[in-house]
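Asker: Just entry_24.pdb, nothing more (PDB, C-alpha atoms and all ligand atoms):
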```pdb
ATOM      1  CA  MET A   1     -96.461-146.657 -89.558
ATOM      2  CA  GLU A   2     -99.678-147.860 -91.097
ATOM      3  CA  GLU A   3    -101.145-151.262 -90.434
ATOM      4  CA  ILE A   4    -104.433-153.025 -90.006
ATOM      5  CA  ARG A   5    -104.606-154.840 -86.700
ATOM      6  CA  THR A   6    -107.185-157.358 -85.582
ATOM      7  CA  ASP A   7    -108.228-157.540 -81.954
ATOM      8  CA  PRO A   8    -107.217-161.087 -80.952
ATOM      9  CA  ILE A   9    -110.391-161.644 -78.959
ATOM     10  CA  SER A  10    -113.306-160.000 -80.764
ATOM     11  CA  GLY A  11    -111.798-159.972 -84.269
ATOM     12  CA  ARG A  12    -112.541-156.253 -84.586
ATOM     13  CA  LYS A  13    -110.217-154.512 -87.043
ATOM     14  CA  VAL A  14    -108.435-151.220 -86.433
ATOM     15  CA  LEU A  15    -106.297-149.132 -88.774
ATOM     16  CA  ILE A  16    -103.232-147.820 -86.978
ATOM     17  CA  ALA A  17    -102.161-144.800 -89.023
ATOM     18  CA  GLU A  18     -99.746-142.719 -87.068
ATOM     19  CA  GLY A  19     -99.844-138.979 -87.500
ATOM     20  CA  ARG A  20     -96.925-136.718 -86.851
ATOM     21  CA  SER A  21     -98.259-135.213 -83.650
ATOM     22  CA  GLU A  22     -96.358-135.751 -80.483
ATOM     23  CA  ARG A  23     -99.188-135.735 -77.992
ATOM     24  CA  PRO A  24    -102.446-137.721 -78.025
ATOM     25  CA  SER A  25    -104.501-134.574 -77.454
ATOM     26  CA  ASP A  26    -103.177-133.056 -80.689
ATOM     27  CA  TYR A  27    -105.507-135.319 -82.662
ATOM     28  CA  GLY A  28    -108.381-134.278 -80.696
ATOM     29  CA  VAL A  29    -111.860-133.259 -80.253
ATOM     30  CA  SER A  30    -110.935-132.537 -76.679
ATOM     31  CA  GLY A  31    -109.888-128.945 -77.220
ATOM     32  CA  ALA A  32    -110.691-125.963 -75.060
ATOM     33  CA  SER A  33    -113.660-124.995 -77.222
ATOM     34  CA  HIS A  34    -115.425-128.155 -76.104
ATOM     35  CA  VAL A  35    -115.066-127.665 -72.380
ATOM     36  CA  GLN A  36    -118.206-128.656 -70.639
ATOM     37  CA  LYS A  37    -120.127-125.887 -68.976
ATOM     38  CA  THR A  38    -119.364-125.926 -65.263
ATOM     39  CA  GLU A  39    -122.446-126.204 -63.163
ATOM     40  CA  ALA A  40    -122.472-124.288 -59.908
ATOM     41  CA  ASP A  41    -122.599-126.587 -56.898
ATOM     42  CA  ASP A  42    -125.925-125.178 -55.747
ATOM     43  CA  ASN A  43    -127.484-126.067 -59.090
ATOM     44  CA  CYS A  44    -126.248-129.660 -59.189
ATOM     45  CA  PRO A  45    -128.851-132.402 -58.604
ATOM     46  CA  PHE A  46    -126.183-134.902 -57.476
ATOM     47  CA  CYS A  47    -124.655-132.812 -54.660
ATOM     48  CA  ALA A  48    -125.434-133.506 -50.992
ATOM     49  CA  GLY A  49    -128.434-131.368 -50.056
ATOM     50  CA  ALA A  50    -130.131-131.767 -53.444
ATOM     51  CA  GLU A  51    -131.435-135.299 -52.794
ATOM     52  CA  HIS A  52    -135.028-134.121 -53.261
ATOM     53  CA  ARG A  53    -134.230-133.414 -56.898
ATOM     54  CA  THR A  54    -133.521-137.051 -57.729
ATOM     55  CA  PRO A  55    -135.707-140.172 -57.381
ATOM     56  CA  SER A  56    -135.447-142.113 -54.097
ATOM     57  CA  PRO A  57    -132.234-144.109 -53.808
ATOM     58  CA  ILE A  58    -132.091-147.816 -54.577
ATOM     59  CA  ARG A  59    -129.017-148.155 -52.428
ATOM     60  CA  GLU A  60    -126.862-145.903 -50.252
ATOM     61  CA  VAL A  61    -123.491-146.490 -48.646
ATOM     62  CA  LEU A  62    -123.372-144.479 -45.400
ATOM     63  CA  ASP A  63    -120.465-143.306 -43.258
ATOM     64  CA  GLU A  64    -120.378-143.640 -39.440
ATOM     65  CA  ALA A  65    -122.342-140.398 -39.078
ATOM     66  CA  GLY A  66    -125.087-141.753 -41.316
ATOM     67  CA  ARG A  67    -124.299-139.500 -44.291
ATOM     68  CA  TRP A  68    -124.297-141.095 -47.694
ATOM     69  CA  GLN A  69    -120.967-141.601 -49.449
ATOM     70  CA  VAL A  70    -122.162-143.380 -52.580
ATOM     71  CA  ARG A  71    -125.744-143.388 -53.792
ATOM     72  CA  VAL A  72    -127.508-145.468 -56.450
ATOM     73  CA  ILE A  73    -130.619-143.834 -57.936
ATOM     74  CA  PRO A  74    -132.883-144.676 -60.877
ATOM     75  CA  ASN A  75    -131.996-142.714 -64.025
ATOM     76  CA  LYS A  76    -134.551-139.959 -64.505
ATOM     77  CA  TYR A  77    -134.358-140.382 -68.276
ATOM     78  CA  PRO A  78    -133.788-144.119 -68.655
ATOM     79  CA  ALA A  79    -132.738-145.692 -71.965
ATOM     80  CA  VAL A  80    -134.675-148.774 -70.855
ATOM     81  CA  ASP A  81    -137.090-149.365 -68.013
ATOM     82  CA  ALA A  82    -138.893-152.116 -66.225
ATOM     83  CA  HIS A  83    -142.376-151.002 -67.241
ATOM     84  CA  SER A  84    -141.818-150.335 -70.913
ATOM     85  CA  THR A  85    -144.474-151.233 -73.439
ATOM     86  CA  ILE A  86    -144.115-151.309 -77.206
ATOM     87  CA  SER A  87    -144.832-147.835 -78.517
ATOM     88  CA  GLU A  88    -147.643-147.147 -80.926
ATOM     89  CA  LEU A  89    -145.026-146.848 -83.627
ATOM     90  CA  GLY A  90    -144.319-150.500 -83.008
ATOM     91  CA  GLU A  91    -147.716-151.261 -84.442
ATOM     92  CA  LEU A  92    -146.501-150.070 -87.828
ATOM     93  CA  ARG A  93    -144.024-152.957 -87.782
ATOM     94  CA  THR A  94    -140.732-153.101 -89.582
ATOM     95  CA  PRO A  95    -140.590-155.141 -92.792
ATOM     96  CA  PHE A  96    -139.081-158.236 -91.202
ATOM     97  CA  SER A  97    -139.546-158.285 -87.484
ATOM     98  CA  PRO A  98    -141.563-156.440 -84.900
ATOM     99  CA  PRO A  99    -139.575-154.358 -82.389
ATOM    100  CA  ASP A 100    -138.658-155.896 -79.058
ATOM    101  CA  GLN A 101    -139.695-154.297 -75.846
ATOM    102  CA  ALA A 102    -136.809-152.244 -74.404
ATOM    103  CA  TYR A 103    -137.165-153.938 -71.047
ATOM    104  CA  GLY A 104    -134.439-153.245 -68.538
ATOM    105  CA  SER A 105    -133.228-151.025 -65.764
ATOM    106  CA  HIS A 106    -131.106-147.900 -65.815
ATOM    107  CA  GLU A 107    -129.381-146.732 -62.637
ATOM    108  CA  VAL A 108    -126.997-143.898 -61.811
ATOM    109  CA  VAL A 109    -124.214-144.290 -59.256
ATOM    110  CA  VAL A 110    -123.471-140.907 -57.665
ATOM    111  CA  GLU A 111    -119.935-141.560 -56.524
ATOM    112  CA  SER A 112    -119.521-138.750 -53.997
ATOM    113  CA  PRO A 113    -121.722-136.300 -52.073
ATOM    114  CA  ARG A 114    -119.189-133.593 -52.989
ATOM    115  CA  HIS A 115    -119.164-131.799 -56.312
ATOM    116  CA  LEU A 116    -116.131-133.578 -57.765
ATOM    117  CA  ARG A 117    -115.652-134.525 -61.381
ATOM    118  CA  ASP A 118    -113.408-137.538 -61.818
ATOM    119  CA  VAL A 119    -112.147-140.555 -59.873
ATOM    120  CA  THR A 120    -108.731-138.925 -59.640
ATOM    121  CA  GLU A 121    -110.304-136.542 -57.105
ATOM    122  CA  ILE A 122    -111.638-139.222 -54.757
ATOM    123  CA  SER A 123    -109.488-141.459 -52.547
ATOM    124  CA  VAL A 124    -108.519-145.021 -53.440
ATOM    125  CA  GLU A 125    -110.610-146.219 -50.477
ATOM    126  CA  HIS A 126    -113.637-144.340 -51.729
ATOM    127  CA  LEU A 127    -113.209-145.638 -55.280
ATOM    128  CA  ALA A 128    -112.977-149.165 -53.850
ATOM    129  CA  ILE A 129    -116.448-148.639 -52.333
ATOM    130  CA  VAL A 130    -117.766-147.564 -55.742
ATOM    131  CA  LEU A 131    -116.271-150.722 -57.300
ATOM    132  CA  GLN A 132    -118.001-152.782 -54.595
ATOM    133  CA  VAL A 133    -121.298-151.077 -55.407
ATOM    134  CA  TYR A 134    -120.899-152.155 -59.067
ATOM    135  CA  ARG A 135    -120.386-155.714 -57.867
ATOM    136  CA  ASP A 136    -123.412-155.569 -55.588
ATOM    137  CA  ARG A 137    -125.677-154.231 -58.348
ATOM    138  CA  LEU A 138    -124.467-156.989 -60.694
ATOM    139  CA  GLN A 139    -125.241-159.485 -57.956
ATOM    140  CA  HIS A 140    -128.683-157.970 -57.512
ATOM    141  CA  TRP A 141    -129.577-158.133 -61.207
ATOM    142  CA  SER A 142    -128.184-161.635 -61.636
ATOM    143  CA  THR A 143    -131.122-162.900 -59.585
ATOM    144  CA  ASP A 144    -133.610-161.393 -62.058
ATOM    145  CA  GLN A 145    -134.363-164.171 -64.538
ATOM    146  CA  ARG A 146    -135.276-161.707 -67.265
ATOM    147  CA  MET A 147    -131.852-160.038 -67.398
ATOM    148  CA  ARG A 148    -128.903-161.435 -69.334
ATOM    149  CA  TYR A 149    -126.350-158.664 -68.960
ATOM    150  CA  VAL A 150    -125.519-155.593 -66.909
ATOM    151  CA  GLN A 151    -123.478-152.865 -68.535
ATOM    152  CA  VAL A 152    -121.514-150.769 -66.055
ATOM    153  CA  PHE A 153    -119.995-147.681 -67.637
ATOM    154  CA  LYS A 154    -118.845-144.146 -67.105
ATOM    155  CA  ASN A 155    -119.054-141.241 -69.530
ATOM    156  CA  PHE A 156    -116.579-138.537 -68.658
ATOM    157  CA  GLY A 157    -116.259-135.145 -70.328
ATOM    158  CA  PHE A 158    -117.951-133.601 -73.312
ATOM    159  CA  ALA A 159    -116.682-136.010 -75.975
ATOM    160  CA  GLY A 160    -117.352-138.903 -73.611
ATOM    161  CA  GLY A 161    -121.045-138.045 -73.620
ATOM    162  CA  ALA A 162    -121.386-136.813 -70.035
ATOM    163  CA  SER A 163    -124.375-134.567 -69.418
ATOM    164  CA  ILE A 164    -123.776-133.861 -65.724
ATOM    165  CA  GLU A 165    -120.267-133.165 -64.505
ATOM    166  CA  HIS A 166    -120.757-134.372 -60.891
ATOM    167  CA  ILE A 167    -118.855-137.648 -60.534
ATOM    168  CA  HIS A 168    -121.118-140.542 -61.505
ATOM    169  CA  SER A 169    -121.342-143.771 -63.463
ATOM    170  CA  GLN A 170    -124.236-145.788 -64.863
ATOM    171  CA  ILE A 171    -125.572-149.316 -64.661
ATOM    172  CA  VAL A 172    -127.922-150.644 -67.321
ATOM    173  CA  ALA A 173    -129.461-154.113 -66.977
ATOM    174  CA  ILE A 174    -130.659-155.559 -70.288
ATOM    175  CA  PRO A 175    -132.402-158.783 -71.390
ATOM    176  CA  PHE A 176    -129.754-159.711 -74.013
ATOM    177  CA  VAL A 177    -125.989-160.019 -74.374
ATOM    178  CA  PRO A 178    -124.617-156.971 -76.215
ATOM    179  CA  GLU A 179    -122.792-157.511 -79.497
ATOM    180  CA  SER A 180    -119.419-156.319 -78.184
ATOM    181  CA  VAL A 181    -119.466-158.889 -75.380
ATOM    182  CA  GLU A 182    -120.925-161.602 -77.630
ATOM    183  CA  SER A 183    -118.088-161.247 -80.150
ATOM    184  CA  GLU A 184    -115.510-161.448 -77.355
ATOM    185  CA  LEU A 185    -117.263-164.502 -75.904
ATOM    186  CA  GLN A 186    -117.298-166.250 -79.271
ATOM    187  CA  GLY A 187    -113.641-165.465 -79.965
ATOM    188  CA  ALA A 188    -112.672-166.633 -76.489
ATOM    189  CA  SER A 189    -114.735-169.796 -76.871
ATOM    190  CA  ARG A 190    -113.093-170.694 -80.221
ATOM    191  CA  TYR A 191    -109.655-170.132 -78.691
ATOM    192  CA  HIS A 192    -110.521-172.259 -75.679
ATOM    193  CA  GLN A 193    -111.721-175.118 -77.868
ATOM    194  CA  ARG A 194    -108.416-175.096 -79.732
ATOM    195  CA  HIS A 195    -105.987-174.524 -76.841
ATOM    196  CA  GLN A 196    -107.964-175.347 -73.672
ATOM    197  CA  ARG A 197    -106.816-172.032 -72.265
ATOM    198  CA  CYS A 198    -108.287-168.593 -71.612
ATOM    199  CA  ILE A 199    -107.308-166.180 -74.404
ATOM    200  CA  PHE A 200    -107.272-163.251 -71.992
ATOM    201  CA  CYS A 201    -104.857-165.085 -69.658
ATOM    202  CA  ASP A 202    -102.604-165.884 -72.655
ATOM    203  CA  LEU A 203    -102.822-162.291 -73.848
ATOM    204  CA  LEU A 204    -101.784-161.066 -70.396
ATOM    205  CA  THR A 205     -98.833-163.456 -70.287
ATOM    206  CA  GLN A 206     -97.650-162.025 -73.605
ATOM    207  CA  GLU A 207     -98.188-158.415 -72.605
ATOM    208  CA  LEU A 208     -96.277-158.951 -69.357
ATOM    209  CA  GLU A 209     -93.422-160.634 -71.254
ATOM    210  CA  GLN A 210     -93.196-158.190 -74.154
ATOM    211  CA  ARG A 211     -93.869-155.096 -72.035
ATOM    212  CA  SER A 212     -94.132-152.814 -75.085
ATOM    213  CA  ARG A 213     -97.793-152.067 -74.393
ATOM    214  CA  LEU A 214     -97.664-152.457 -70.607
ATOM    215  CA  VAL A 215     -98.663-149.388 -68.598
ATOM    216  CA  LEU A 216     -98.842-150.648 -64.992
ATOM    217  CA  GLU A 217     -98.686-153.936 -63.139
ATOM    218  CA  SER A 218     -99.308-154.949 -59.575
ATOM    219  CA  GLY A 219     -99.536-158.461 -58.214
ATOM    220  CA  ARG A 220    -103.270-158.646 -58.862
ATOM    221  CA  PHE A 221    -103.921-156.420 -61.868
ATOM    222  CA  ALA A 222    -102.318-155.235 -65.073
ATOM    223  CA  ALA A 223    -103.002-152.248 -67.308
ATOM    224  CA  PHE A 224    -101.873-152.230 -70.935
ATOM    225  CA  CYS A 225    -102.688-150.424 -74.154
ATOM    226  CA  ALA A 226    -104.880-152.638 -76.316
ATOM    227  CA  TYR A 227    -103.012-154.134 -79.294
ATOM    228  CA  ALA A 228    -105.845-153.045 -81.600
ATOM    229  CA  GLY A 229    -106.909-149.977 -79.614
ATOM    230  CA  ARG A 230    -109.611-147.910 -81.280
ATOM    231  CA  GLN A 231    -108.486-144.573 -79.906
ATOM    232  CA  PRO A 232    -105.123-143.169 -78.769
ATOM    233  CA  CYS A 233    -104.217-144.581 -75.329
ATOM    234  CA  GLU A 234    -107.092-147.109 -75.154
ATOM    235  CA  THR A 235    -106.138-149.021 -72.008
ATOM    236  CA  TRP A 236    -107.432-152.303 -70.628
ATOM    237  CA  VAL A 237    -107.246-153.192 -66.942
ATOM    238  CA  MET A 238    -107.764-156.812 -65.888
ATOM    239  CA  PRO A 239    -107.009-159.239 -63.066
ATOM    240  CA  THR A 240    -103.775-161.183 -63.593
ATOM    241  CA  ALA A 241    -105.293-164.388 -62.220
ATOM    242  CA  HIS A 242    -108.146-165.909 -64.201
ATOM    243  CA  GLN A 243    -111.547-164.559 -63.176
ATOM    244  CA  SER A 244    -114.513-164.609 -65.539
ATOM    245  CA  ASP A 245    -117.127-162.800 -63.527
ATOM    246  CA  TYR A 246    -116.711-159.400 -61.872
ATOM    247  CA  ARG A 247    -118.987-160.619 -59.067
ATOM    248  CA  MET A 248    -116.134-162.889 -57.890
ATOM    249  CA  LEU A 249    -113.959-159.887 -57.000
ATOM    250  CA  ASN A 250    -113.273-159.697 -53.243
ATOM    251  CA  ASP A 251    -113.113-156.507 -51.174
ATOM    252  CA  GLU A 252    -109.334-156.581 -50.842
ATOM    253  CA  ASP A 253    -108.983-156.743 -54.629
ATOM    254  CA  THR A 254    -111.349-153.838 -55.144
ATOM    255  CA  TYR A 255    -108.749-151.769 -53.300
ATOM    256  CA  SER A 256    -105.862-152.782 -55.611
ATOM    257  CA  LEU A 257    -108.129-152.365 -58.631
ATOM    258  CA  ALA A 258    -109.146-148.878 -57.475
ATOM    259  CA  LYS A 259    -105.501-147.959 -57.054
ATOM    260  CA  MET A 260    -104.661-149.031 -60.593
ATOM    261  CA  LEU A 261    -107.694-147.465 -62.281
ATOM    262  CA  ARG A 262    -107.015-144.211 -60.502
ATOM    263  CA  GLN A 263    -103.352-144.208 -61.548
ATOM    264  CA  VAL A 264    -104.195-144.894 -65.190
ATOM    265  CA  LEU A 265    -106.708-142.052 -65.185
ATOM    266  CA  GLN A 266    -104.243-139.707 -63.483
ATOM    267  CA  LYS A 267    -101.756-140.442 -66.256
ATOM    268  CA  LEU A 268    -104.384-139.894 -68.937
ATOM    269  CA  HIS A 269    -105.391-136.562 -67.409
ATOM    270  CA  ILE A 270    -101.777-135.393 -67.461
ATOM    271  CA  LEU A 271    -101.135-136.641 -71.001
ATOM    272  CA  ILE A 272    -104.386-135.530 -72.615
ATOM    273  CA  SER A 273    -105.576-131.995 -71.968
ATOM    274  CA  GLN A 274    -109.357-131.697 -71.430
ATOM    275  CA  LEU A 275    -109.617-135.483 -71.256
ATOM    276  CA  SER A 276    -112.906-137.130 -72.201
ATOM    277  CA  TYR A 277    -113.265-140.878 -71.882
ATOM    278  CA  ASN A 278    -115.559-143.873 -71.552
ATOM    279  CA  LEU A 279    -114.912-146.542 -68.938
ATOM    280  CA  ILE A 280    -116.568-149.851 -69.790
ATOM    281  CA  LEU A 281    -116.797-153.034 -67.749
ATOM    282  CA  HIS A 282    -116.982-156.322 -69.656
ATOM    283  CA  THR A 283    -117.917-159.332 -67.567
ATOM    284  CA  LEU A 284    -119.445-162.769 -68.031
ATOM    285  CA  PRO A 285    -123.162-162.535 -68.896
ATOM    286  CA  PHE A 286    -125.701-164.131 -66.573
ATOM    287  CA  SER A 287    -125.571-167.666 -67.921
ATOM    288  CA  ASN A 288    -123.469-170.695 -67.218
ATOM    289  CA  SER A 289    -121.434-170.709 -70.398
ATOM    290  CA  GLY A 290    -117.943-169.344 -70.536
ATOM    291  CA  PRO A 291    -116.537-169.354 -66.983
ATOM    292  CA  ASP A 292    -113.351-171.056 -68.224
ATOM    293  CA  HIS A 293    -112.706-168.857 -71.179
ATOM    294  CA  TYR A 294    -114.107-165.416 -70.429
ATOM    295  CA  HIS A 295    -112.156-162.963 -68.269
ATOM    296  CA  TRP A 296    -113.616-159.712 -66.999
ATOM    297  CA  HIS A 297    -111.872-156.422 -67.740
ATOM    298  CA  PHE A 298    -112.273-152.670 -67.836
ATOM    299  CA  GLU A 299    -111.756-150.851 -71.124
ATOM    300  CA  ILE A 300    -110.782-147.193 -70.779
ATOM    301  CA  VAL A 301    -111.313-145.460 -74.096
ATOM    302  CA  PRO A 302    -110.153-141.825 -74.243
ATOM    303  CA  ARG A 303    -112.278-139.957 -76.763
ATOM    304  CA  THR A 304    -109.772-137.960 -78.712
ATOM    305  CA  THR A 305    -110.928-138.402 -82.301
ATOM    306  CA  HIS A 306    -114.277-137.892 -84.001
ATOM    307  CA  LEU A 307    -116.105-140.877 -85.387
ATOM    308  CA  ALA A 308    -116.954-139.834 -88.915
ATOM    309  CA  GLY A 309    -118.223-141.310 -92.185
ATOM    310  CA  PHE A 310    -115.396-143.773 -92.613
ATOM    311  CA  GLU A 311    -115.905-145.306 -89.151
ATOM    312  CA  TRP A 312    -119.694-145.371 -89.464
ATOM    313  CA  GLY A 313    -119.500-146.837 -92.946
ATOM    314  CA  THR A 314    -116.867-149.480 -92.418
ATOM    315  CA  GLY A 315    -116.978-150.139 -88.683
ATOM    316  CA  LEU A 316    -113.200-149.754 -88.869
ATOM    317  CA  PHE A 317    -111.649-147.346 -86.371
ATOM    318  CA  ILE A 318    -108.614-145.271 -87.292
ATOM    319  CA  ASN A 319    -106.169-144.827 -84.455
ATOM    320  CA  PRO A 320    -103.532-142.176 -85.157
ATOM    321  CA  LEU A 321    -101.256-143.196 -82.259
ATOM    322  CA  SER A 322     -99.750-146.673 -82.066
ATOM    323  CA  PRO A 323    -100.514-148.504 -78.818
ATOM    324  CA  GLU A 324     -96.770-149.014 -78.302
ATOM    325  CA  ARG A 325     -96.031-145.275 -78.423
ATOM    326  CA  ALA A 326     -99.094-144.571 -76.283
ATOM    327  CA  ALA A 327     -97.941-147.077 -73.631
ATOM    328  CA  LYS A 328     -94.473-145.560 -73.584
ATOM    329  CA  MET A 329     -95.960-142.093 -73.059
ATOM    330  CA  LEU A 330     -98.195-143.405 -70.272
ATOM    331  CA  ARG A 331     -95.331-145.237 -68.580
ATOM    332  CA  GLU A 332     -93.210-142.097 -68.676
ATOM    333  CA  THR A 333     -96.007-139.927 -67.240
ATOM    334  CA  LYS A 334     -95.277-139.713 -63.540
ATOM    335  CA  VAL A 335     -98.175-139.436 -61.103
TER     336      VAL A 335
HETATM  337 ZN    ZN B 401    -122.659-131.780 -57.700
HETATM  338 ZN    ZN B 402    -108.435-165.793 -68.031
HETATM  339 ZN    ZN B 403    -114.014-156.147 -73.769
END
```
Using the file provided, produce a representation of the structure as structure tokens.
Ligand SMILES: [Zn+2]
Ligand SMILES: [Zn+2]
Ligand SMILES: [Zn+2]

Answerer:
Amino acid sequence: MEEIRTDPISGRKVLIAEGRSERPSDYGVSGASHVQKTEADDNCPFCAGAEHRTPSPIREVLDEAGRWQVRVIPNKYPAVDAHSTISELGELRTPFSPPDQAYGSHEVVVESPRHLRDVTEISVEHLAIVLQVYRDRLQHWSTDQRMRYVQVFKNFGFAGGASIEHIHSQIVAIPFVPESVESELQGASRYHQRHQRCIFCDLLTQELEQRSRLVLESGRFAAFCAYAGRQPCETWVMPTAHQSDYRMLNDEDTYSLAKMLRQVLQKLHILISQLSYNLILHTLPFSNSGPDHYHWHFEIVPRTTHLAGFEWGTGLFINPLSPERAAKMLRETKV
């Protein structure tokens, strides 16, 4: 099977060109030779007892005994920061426009005091607390007039870009809406103008009816392989009832969401050996436009293929496993 598919929301194109391999990991960069070096617990800056090695926490969730369970700290090597100034290189100017200041904030969420690696190793209750911390940080940054968007993400494994294996995720507040979210917003807005409905809600209705790409469903959430997934087993998780902004998520729902995310990741770990992945939250930017037509979601993108010249040159991803076959494999993987 070879076909070019267009993501119904962003318009991004993907070439689905199925190989002959039976398992998603057969395509992969995620082989044994790429296994991340395991850091000894006593050398890990994120473990309990090593707090002095990281900057002071911005926020801590404590248990009854007063020990931290989840900890938010400033990134020691931020991609953006609140005190940035234009570098001297900026003075040289580019031909058409001067560089913008990389103003923003970069935080790390240490998800457990124990030296664990992935969310499959923490409890659903604990993951729900992490999901609440994301919400609280979004809420915090939404009150900063300078910020337009907060990107919550997780890099897991070597190919996912993780540099420390201790379970963590990252939160970057930026003063603009990133291109990936902007293209989804524009697609969703065009659809809403034409049909007066949310494109994500309509997409979900179809996925739940067709079921060929469905991975899991509960009353509140659904997980399905993206129709134009960029990588084998790319899975989206979203609320079944319309909700544009992740900040609207209530505590009870964080529990059901945690349960689903954890199950999807358990399946991926079983199906793909030496799994690497990126978990990305897309939510409504801090502005008033789009509450009717945008719909927050998590994108889980396993990193099983290299991005090479073709992808860089064309912006077109090649996915060697059809989302329908991937969903079937995920459904059949028992956890
Ligand atoms: Zn550790
Ligand atoms: Zn919706
Ligand atoms: Zn998205």

Asker: Just how far from atom CA of A:Val133 is atom CA of A:Cys225, in Å to one decimal?

Answerer: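 Answer for the atom CA of A:Cys225 to atom CA of A:Val133 separation: 26.4 Å.
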
Asker: Any chance you could tabulate, as JSON lines, the residues of chain A at most 7 Å from ligand ZN 401 (chain B) with each one's nearest atom pair and distance in Å to one decimal, using all atoms listed in the file, in chain and rising number order?

Answerer:
```
{"residue": "A:Asp41", "atom": "CA", "partner": "B:ZN401", "partner_atom": "ZN", "distance": 5.3}
{"residue": "A:Cys44", "atom": "CA", "partner": "B:ZN401", "partner_atom": "ZN", "distance": 4.4}
{"residue": "A:Pro45", "atom": "CA", "partner": "B:ZN401", "partner_atom": "ZN", "distance": 6.3}
{"residue": "A:Phe46", "atom": "CA", "partner": "B:ZN401", "partner_atom": "ZN", "distance": 4.7}
{"residue": "A:Cys47", "atom": "CA", "partner": "B:ZN401", "partner_atom": "ZN", "distance": 3.8}
{"residue": "A:Arg114", "atom": "CA", "partner": "B:ZN401", "partner_atom": "ZN", "distance": 6.1}
{"residue": "A:His115", "atom": "CA", "partner": "B:ZN401", "partner_atom": "ZN", "distance": 3.8}
{"residue": "A:Leu116", "atom": "CA", "partner": "B:ZN401", "partner_atom": "ZN", "distance": 6.8}
{"residue": "A:His166", "atom": "CA", "partner": "B:ZN401", "partner_atom": "ZN", "distance": 4.5}
```

Asker: Taking (-116.8, -164.0, -62.3) as a centre in this file's frame and 12 Å as the limit, can you find every polymer residue with an atom that close, using only C-alpha atoms, and give them as a PyMOL selection string?

Answerer: chain A and resi 135+138-139+142+239+241-250+282-297

Asker: Store the residues picked out above, limited to C-alpha atoms, as a compact mmCIF listing (two decimals), in the coordinates of the input.

Answerer:
```
# COMPACT_ATOMS: atom_id res chain seq x y z
CA ARG A 135 -120.39 -155.71 -57.87
CA LEU A 138 -124.47 -156.99 -60.69
CA GLN A 139 -125.24 -159.49 -57.96
CA SER A 142 -128.18 -161.64 -61.64
CA PRO A 239 -107.01 -159.24 -63.07
CA ALA A 241 -105.29 -164.39 -62.22
CA HIS A 242 -108.15 -165.91 -64.20
CA GLN A 243 -111.55 -164.56 -63.18
CA SER A 244 -114.51 -164.61 -65.54
CA ASP A 245 -117.13 -162.80 -63.53
CA TYR A 246 -116.71 -159.40 -61.87
CA ARG A 247 -118.99 -160.62 -59.07
CA MET A 248 -116.13 -162.89 -57.89
CA LEU A 249 -113.96 -159.89 -57.00
CA ASN A 250 -113.27 -159.70 -53.24
CA HIS A 282 -116.98 -156.32 -69.66
CA THR A 283 -117.92 -159.33 -67.57
CA LEU A 284 -119.44 -162.77 -68.03
CA PRO A 285 -123.16 -162.54 -68.90
CA PHE A 286 -125.70 -164.13 -66.57
CA SER A 287 -125.57 -167.67 -67.92
CA ASN A 288 -123.47 -170.70 -67.22
CA SER A 289 -121.43 -170.71 -70.40
CA GLY A 290 -117.94 -169.34 -70.54
CA PRO A 291 -116.54 -169.35 -66.98
CA ASP A 292 -113.35 -171.06 -68.22
CA HIS A 293 -112.71 -168.86 -71.18
CA TYR A 294 -114.11 -165.42 -70.43
CA HIS A 295 -112.16 -162.96 -68.27
CA TRP A 296 -113.62 -159.71 -67.00
CA HIS A 297 -111.87 -156.42 -67.74
```

Asker: Counting only C-alpha atoms and all ligand atoms, name the residues that have an atom within 10 Å of an atom of ligand ZN 403 (chain B); the answer should be given as a short mmCIF file (atom, residue, chain, number, x, y, z; two decimals) with C-alpha atoms, keeping the file's coordinate frame.

Answerer:
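The resulting file, part39.cif, is shown below:
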```
data_model
loop_
_atom_site.label_atom_id
_atom_site.label_comp_id
_atom_site.auth_asym_id
_atom_site.auth_seq_id
_atom_site.Cartn_x
_atom_site.Cartn_y
_atom_site.Cartn_z
CA ILE A 9 -110.39 -161.64 -78.96
CA SER A 10 -113.31 -160.00 -80.76
CA SER A 180 -119.42 -156.32 -78.18
CA VAL A 181 -119.47 -158.89 -75.38
CA GLU A 182 -120.92 -161.60 -77.63
CA SER A 183 -118.09 -161.25 -80.15
CA GLU A 184 -115.51 -161.45 -77.36
CA LEU A 185 -117.26 -164.50 -75.90
CA PHE A 200 -107.27 -163.25 -71.99
CA TRP A 236 -107.43 -152.30 -70.63
CA ILE A 280 -116.57 -149.85 -69.79
CA LEU A 281 -116.80 -153.03 -67.75
CA HIS A 282 -116.98 -156.32 -69.66
CA THR A 283 -117.92 -159.33 -67.57
CA TYR A 294 -114.11 -165.42 -70.43
CA HIS A 295 -112.16 -162.96 -68.27
CA TRP A 296 -113.62 -159.71 -67.00
CA HIS A 297 -111.87 -156.42 -67.74
CA PHE A 298 -112.27 -152.67 -67.84
CA GLU A 299 -111.76 -150.85 -71.12
CA ILE A 300 -110.78 -147.19 -70.78
#
```

Asker: May I ask for the distance between atom CA of A:Arg146 and atom CA of A:Gly104, given in Å to one decimal place?

Answerer: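 Going from atom CA of A:Arg146 over to atom CA of A:Gly104, I get 8.6 Å.
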
Asker: Could you check the closest approach to A:Gly19 for each of A:Ser322, A:Gln186, A:Ser273, A:Gln132 and tell me which residue wins, using only C-alpha atoms?

Answerer: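 Closest residue, counting only C-alpha atoms: A:Ser322.
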
Asker: Ranking A:Glu252, A:Glu125, A:Glu234, A:Glu332 by minimum distance to A:Thr305 and counting only C-alpha atoms, which one comes first?

Answerer: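 Ranked by minimum distance to A:Thr305, first place goes to A:Glu234.
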
Asker: Closest to ligand ZN 402 (chain B) among A:Arg220, A:Gly315, A:Ala188, A:Gly229, using all atoms listed in the file?

Answerer: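 Answer, going by the shortest atom-to-atom distance: A:Ala188.
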